[in-house]
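Okay, structure first, notes after.
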Amino acid sequence: MSTKAAGANAPVLILTPNALEAADISDYLLRRGYPAVSSETRLDGLANPLEFTARAPHMVFFGFPLSDPAARDWLRSAMVTEWRIILINGDTTEPELQALPMLSRPFATPHLDAVMQLLGE
């Protein structure tokens with residue numbers, strides 16, 4: 001596991017309704033040297049990706065159920081902005097979503113290492 005996060009000046013977003021999952025991923029990223037990690041357990045009130053005026057996030061871990069229309073809309077908007085997205089339990093048959101890196105629950109450090117390596121991190 002790398003101790004330095006190359007190019008990780010922008011924040012990493014962790015979006016999941018599971019607070020323990022967010023804490024686990026956040027701890028992992030902080031141990032890897034990412035200086036800014038932000039998590040959110042609710043999508044309501046979170047800005048639409050197309051409305052972001054600040055710098056784009058370094059990457060987004062997205063764990064909201066794709067069956068939720070608001071989550072699906074947010075994810076599709078983020079994909080339009082070409083953000084780097086990792087789906088958590090992204091069970092889907094949609095080809096454009098299947099192309100995204102995915103973590104399946106339950107996951108451990110080796111699974112996070114593998115998805116980070118896939119992203120070149």
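In the structure tokens, chains take letters A, B, ... by order of appearance, with residues numbered from 1 within each chain and ligands from 1 in the order shown.
For chain A, the set of residues given strand (DSSP E or B) by DSSP on the backbone reads Val12, Leu13, Ile14, Leu15, Val37, Ser38, Ser39, Glu40, Met59, Val60, Phe61, Phe62, Ile85, Ile86, Leu87, Ile88, Met102 and Leu103 of chain A.
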Skipping near chain neighbours, those fewer than 2 positions away, what residues fall within 8 Å of A:Met102 using only C-alpha atoms, listed as a list in words?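 Non-adjacent residues within range: Ile86, Leu87, Ile88, Asn89, Gly90, Leu100, Ser104 and Val115 of chain A.
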Please produce a file of the residues just selected, as a CSV table (one decimal), in the first residue's frame, where the atoms kept are C-alpha atoms.
```csv
chain,number,residue,atom,x,y,z
A,86,ILE,CA,-16.1,4.0,-7.7
A,87,LEU,CA,-19.4,2.3,-7.2
A,88,ILE,CA,-20.0,0.5,-4.0
A,89,ASN,CA,-22.3,-2.5,-4.6
A,90,GLY,CA,-23.1,-1.2,-8.0
A,100,LEU,CA,-17.1,2.0,-13.5
A,104,SER,CA,-18.6,-5.2,-3.5
A,115,VAL,CA,-9.7,-0.6,-7.0
```
d(atom CA of A:Ser26, atom CA of A:Ala56) in Å: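 Spanning atom CA of A:Ser26 to atom CA of A:Ala56 is a straight-line distance of 18.0 Å.
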I'd like to know which residues of chain A are alpha helix (DSSP H) (by DSSP, run on the backbone); could you write them as an NGL selection string? :A and (19-31 or 69-80 or 95-98 or 109-118)
Atom CA of A:Pro101 to atom CA of A:Trp83, straight-line distance in Å: 12.2 Å
Excluding A:Pro17 and any residue of its chain fewer than 3 positions from it, enumerate the residues within 7 Å of it, using only C-alpha atoms, and give them as a count of residues only. 3
Contacts of A:Ile85 within 6 Å, only C-alpha atoms, excl. fewer than 5 positions in-chain, as a PyMOL selection string: chain A and resi 59-61
Give me a file of those residues, with N, CA and C atoms, as a PDB file, in the first residue's frame.
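Saved the output as part-v3.pdb:
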```pdb
ATOM      1  N   MET A  59     -11.773  11.985  -6.523  1.00  0.00           N
ATOM      2  CA  MET A  59     -12.555  10.807  -6.882  1.00  0.00           C
ATOM      3  C   MET A  59     -13.763  10.751  -5.962  1.00  0.00           C
ATOM      4  N   VAL A  60     -14.745   9.921  -6.350  1.00  0.00           N
ATOM      5  CA  VAL A  60     -15.973   9.787  -5.581  1.00  0.00           C
ATOM      6  C   VAL A  60     -16.248   8.301  -5.350  1.00  0.00           C
ATOM      7  N   PHE A  61     -16.426   7.925  -4.088  1.00  0.00           N
ATOM      8  CA  PHE A  61     -16.929   6.595  -3.743  1.00  0.00           C
ATOM      9  C   PHE A  61     -18.433   6.752  -3.588  1.00  0.00           C
TER      10      PHE A  61
END
```
Considering only C-alpha atoms, state which residue in the set A:Ile25, A:Ala10, A:Leu15, A:Ala99 is at the smallest distance from A:Gly63.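 Going through A:Ile25, A:Ala10, A:Leu15, A:Ala99 one by one, the smallest distance to A:Gly63 is for A:Leu15.
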Neighbour list for A:Val12 as a PyMOL selection string, cut-off 7 Å, only C-alpha atoms, skip fewer than 6 positions in-chain: chain A and resi 36-38+57-60
How would the residues just chosen look if you wrote them out with N, CA and C atoms as an mmCIF file, in the first residue's frame?
```
data_model
loop_
_atom_site.group_PDB
_atom_site.id
_atom_site.type_symbol
_atom_site.label_atom_id
_atom_site.label_comp_id
_atom_site.auth_asym_id
_atom_site.auth_seq_id
_atom_site.Cartn_x
_atom_site.Cartn_y
_atom_site.Cartn_z
ATOM 1 N N ALA A 36 -7.492 15.376 2.054
ATOM 2 C CA ALA A 36 -8.867 15.856 2.242
ATOM 3 C C ALA A 36 -9.858 14.774 1.840
ATOM 4 N N VAL A 37 -10.609 14.306 2.834
ATOM 5 C CA VAL A 37 -11.630 13.296 2.599
ATOM 6 C C VAL A 37 -12.913 13.812 3.228
ATOM 7 N N SER A 38 -13.985 13.793 2.460
ATOM 8 C CA SER A 38 -15.273 14.272 2.936
ATOM 9 C C SER A 38 -16.317 13.197 2.693
ATOM 10 N N PRO A 57 -13.879 16.934 -7.294
ATOM 11 C CA PRO A 57 -13.234 16.022 -6.353
ATOM 12 C C PRO A 57 -12.204 15.152 -7.069
ATOM 13 N N HIS A 58 -11.226 14.696 -6.303
ATOM 14 C CA HIS A 58 -10.203 13.805 -6.850
ATOM 15 C C HIS A 58 -10.849 12.497 -7.315
ATOM 16 N N MET A 59 -11.773 11.985 -6.523
ATOM 17 C CA MET A 59 -12.555 10.807 -6.882
ATOM 18 C C MET A 59 -13.763 10.751 -5.962
ATOM 19 N N VAL A 60 -14.745 9.921 -6.350
ATOM 20 C CA VAL A 60 -15.973 9.787 -5.581
ATOM 21 C C VAL A 60 -16.248 8.301 -5.350
#
```
Grab the atom CA of A:Glu40 to atom CA of A:Pro65 distance for me, in Å with one decimal place. 14.1 Å
Find the residue from A:Leu13, A:Ala23, A:Leu66, A:Glu94 that sits nearest to A:Leu46; use only C-alpha atoms when measuring.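 Among A:Leu13, A:Ala23, A:Leu66, A:Glu94, it is A:Leu13 that comes nearest to A:Leu46.
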Counting only C-alpha atoms, the option among A:Arg84, A:Asp68, A:Glu96, A:Phe107 closest to A:Leu119: A:Arg84
